[in-house]
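Trainee: The structure follows.
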Amino acid sequence: MALGSRTRSAAPPCDPVSALLTAARSGAVFTTEVCRDTGRFAELAPEWGTLYRRCRTATPFQSHAWLYSWWLSYGQGCGAGGARGGRAGRAARRVRGGRGRLRVVLVRRSGEPVAAAALMLTHRPLPVLVHLGGSISDFSDVLLDDEHAGTAAPALADALTELARTAVIDLREVRPGAAAERVYDCWHGPRRRLTDSACLELPAVPMDGLLARLPAARAQRVRAKLRKLDALGIEERMVEGAEIPAAVERLLALHRLQWQGRGVTPEHLSGRFAEHLTRAVRAMVDSGDARVTEFTLAGAVVAADVTLMSGQLAGGYLYGADPELRARKADVATMLLRGGAAWIGGSGRATLSMLRGNEPYKHHWRPETVTNQRLLLARSALAPSLHLLVARAAGRGRAAELVKRARPRLRVRRGGDKG
């Protein structure tokens, strides 16, 4: 296996005097391991899990189970598919082969893990280090031990500076307040912060608390929908252990049926996605980082949902529902939200996230819009490459805005043609 390891004293963050004094008083010495081997990445699971639990801002997409499973299905020996939404196929063609591209960085302080970043080297067409997880992950981030973040962040920034000798670091979908922001603040080379996807979030409160946020008329309509669900006799059960693989298979089948004849994310129908989701969710349920719920009607499974969780956040990741529910006037979104709110309210978590996407039905609940960030980091010699990536992002943003503006006109024209 190809491993890099070296020892360093604590490097200064934004407040170098404070960090140096802290390091000097504690005698802190940081060692860095760069893992490039799949087998070694698997072995890091216990240490990674310890650090993950000690990082308050971590999301489920930074768990070892999610990242390692993604690497097996998307990175190892194949293209880094799912690089951005519907462009998965093109991304796979651009990244030929995952072997030798893994770059997992683990920083230890006196032998204990205090910082980590799971990256992968790609060429698009410039050399870029991107976070493992691709577009099927709603958030990316690094991990920092909360207790030692003041010195661990600059130590990780130092390690990433050494790693990024020929590549720009491009972290997509970084949630505001994430640990990666501390590394960004410590970075001494060129850097840029761009906007990324919008996420919609609710407070982690029971259903009554969510209804209290709504105008009276809307809350009354929701209560009517809840009574309809009860009248239908839909029952809910949590799936565990050995049942998980079959439950995920049923969920994906329902998801495919639900979107039949409509625009579905193609990657969600792929074999590698099914393989990844089954493997990751099984491990995450066992560790308390995921929940699989099935909804039955007359004994038949008519809907299923996967929720991913970390210490502060839970997010409904993917669901599937039989179209028969719609025919019976059952509001699936309300059913899923009630199920999630019922248990998250007492879980100690602060946020019930609807994850990425600005779908109209989400806005019925008056969520807060939280905009993810894109953080670009480079060494001074790679400033031109960073600026090129920024320019490409700006061009794509303008193109997307033009398409968005054109859609209403296209709908009118199509409607006129039909008339």
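Here's how to read the names in the structure tokens: chain A, B, ... by the order shown, residue numbers from 1 in each chain, ligand numbers from 1 in the order shown.
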Within 8 Å of region 158-171 of chain A, counting only C-alpha atoms, which residues qualify if same-chain residues fewer than 4 places away don't, as a list in words?
Mentor: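 Contacts, with the query itself left out: Ala11, Thr32, Val105, Val107, Leu121, Leu126, Pro127, Val128, Leu129, Val130, His131, Ser140, Asp141, Pro154, Arg374, Leu375, Leu376, Leu377, Ala378, Arg379, Leu382, Ser385 and Leu386 of chain A.
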Trainee: Kindly export the residues of the current selection with N, CA and C atoms, as an mmCIF file, in the first residue's frame.
Mentor:
data_model
loop_
_atom_site.group_PDB
_atom_site.id
_atom_site.type_symbol
_atom_site.label_atom_id
_atom_site.label_comp_id
_atom_site.auth_asym_id
_atom_site.auth_seq_id
_atom_site.Cartn_x
_atom_site.Cartn_y
_atom_site.Cartn_z
ATOM 1 N N ALA A 11 0.894 23.944 13.251
ATOM 2 C CA ALA A 11 1.032 25.116 12.388
ATOM 3 C C ALA A 11 0.017 26.167 12.805
ATOM 4 N N THR A 32 0.883 12.932 10.186
ATOM 5 C CA THR A 32 -0.073 12.853 9.079
ATOM 6 C C THR A 32 0.102 11.564 8.297
ATOM 7 N N VAL A 105 -6.651 11.639 4.048
ATOM 8 C CA VAL A 105 -5.690 12.258 4.959
ATOM 9 C C VAL A 105 -6.195 12.120 6.388
ATOM 10 N N VAL A 107 -4.916 13.139 10.307
ATOM 11 C CA VAL A 107 -3.953 13.831 11.162
ATOM 12 C C VAL A 107 -4.166 13.356 12.594
ATOM 13 N N LEU A 121 -8.263 12.148 -6.382
ATOM 14 C CA LEU A 121 -7.664 12.920 -7.459
ATOM 15 C C LEU A 121 -8.408 12.677 -8.766
ATOM 16 N N LEU A 126 -8.236 19.737 -15.539
ATOM 17 C CA LEU A 126 -7.122 20.040 -14.654
ATOM 18 C C LEU A 126 -7.076 19.052 -13.499
ATOM 19 N N PRO A 127 -5.901 18.810 -12.911
ATOM 20 C CA PRO A 127 -5.831 17.973 -11.713
ATOM 21 C C PRO A 127 -6.572 18.648 -10.560
ATOM 22 N N VAL A 128 -7.531 17.960 -9.983
ATOM 23 C CA VAL A 128 -8.347 18.503 -8.900
ATOM 24 C C VAL A 128 -8.534 17.420 -7.843
ATOM 25 N N LEU A 129 -8.409 17.800 -6.581
ATOM 26 C CA LEU A 129 -8.713 16.911 -5.460
ATOM 27 C C LEU A 129 -10.126 17.209 -4.993
ATOM 28 N N VAL A 130 -11.003 16.227 -5.110
ATOM 29 C CA VAL A 130 -12.405 16.404 -4.742
ATOM 30 C C VAL A 130 -12.742 15.465 -3.587
ATOM 31 N N HIS A 131 -13.798 15.794 -2.879
ATOM 32 C CA HIS A 131 -14.220 14.972 -1.757
ATOM 33 C C HIS A 131 -14.893 13.701 -2.256
ATOM 34 N N SER A 140 -20.419 17.889 1.713
ATOM 35 C CA SER A 140 -19.045 17.426 1.890
ATOM 36 C C SER A 140 -18.405 18.261 2.991
ATOM 37 N N ASP A 141 -17.389 17.695 3.616
ATOM 38 C CA ASP A 141 -16.725 18.400 4.711
ATOM 39 C C ASP A 141 -15.472 17.619 5.091
ATOM 40 N N PRO A 154 -5.244 24.063 11.483
ATOM 41 C CA PRO A 154 -4.037 24.433 10.736
ATOM 42 C C PRO A 154 -3.145 23.239 10.426
ATOM 43 N N ARG A 374 -19.011 26.305 -2.048
ATOM 44 C CA ARG A 374 -17.952 25.600 -2.769
ATOM 45 C C ARG A 374 -16.642 26.275 -2.385
ATOM 46 N N LEU A 375 -15.738 25.520 -1.777
ATOM 47 C CA LEU A 375 -14.469 26.066 -1.313
ATOM 48 C C LEU A 375 -13.339 25.569 -2.213
ATOM 49 N N LEU A 376 -12.607 26.498 -2.802
ATOM 50 C CA LEU A 376 -11.483 26.188 -3.680
ATOM 51 C C LEU A 376 -10.191 26.636 -3.002
ATOM 52 N N LEU A 377 -9.224 25.731 -2.915
ATOM 53 C CA LEU A 377 -7.954 25.990 -2.242
ATOM 54 C C LEU A 377 -6.810 25.561 -3.148
ATOM 55 N N ALA A 378 -5.734 26.349 -3.189
ATOM 56 C CA ALA A 378 -4.598 26.004 -4.048
ATOM 57 C C ALA A 378 -3.310 26.561 -3.475
ATOM 58 N N ARG A 379 -2.211 26.006 -3.899
ATOM 59 C CA ARG A 379 -0.908 26.597 -3.636
ATOM 60 C C ARG A 379 -0.712 27.779 -4.585
ATOM 61 N N LEU A 382 -0.426 27.309 -8.301
ATOM 62 C CA LEU A 382 -1.608 26.824 -9.027
ATOM 63 C C LEU A 382 -2.727 27.858 -9.067
ATOM 64 N N SER A 385 -4.829 27.847 -12.240
ATOM 65 C CA SER A 385 -5.787 26.741 -12.313
ATOM 66 C C SER A 385 -7.022 27.039 -11.480
ATOM 67 N N LEU A 386 -6.827 27.606 -10.287
ATOM 68 C CA LEU A 386 -7.960 27.966 -9.442
ATOM 69 C C LEU A 386 -8.836 29.002 -10.138
#
Trainee: What is the distance, in Å and to one decimal place, between CA of Ser135 (chain A) and CA of Ala153 (chain A)?
Mentor: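 CA of Ala153 (chain A) lies at a distance of 25.5 Å from CA of Ser135 (chain A).
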Trainee: Using DSSP secondary structure from the backbone, list all strand (DSSP E or B) positions within region 201-383 of chain A, as a ChimeraX atom specification.
Mentor: /A:201-203,235-239,290-297,300-309,313-321,351-356,368-377
Trainee: In Å, rounded to a single decimal, give me how far CA of Thr334 (chain A) is from CA of Pro215 (chain A).
Mentor: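 These atoms are spaced 16.0 Å apart.
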Trainee: For CA of Leu72 (chain A) and CA of Glu33 (chain A), determine how far apart the two atoms are, in Å to one decimal place.
Mentor: 20.4 Å
Trainee: Nearest to Thr59 (chain A): which of A:Leu313, A:Met354, A:Val306, A:Leu251 is it, counting only C-alpha atoms?
Mentor: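 The closest residue to Thr59 (chain A) is A:Leu313.
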Trainee: Could you tell me which of A:Val104, A:Leu194, A:Ala303, A:Leu232 comes closest to Asp322 (chain A) if we count only C-alpha atoms?
Mentor: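 Among the listed residues, A:Ala303 lies closest to Asp322 (chain A).
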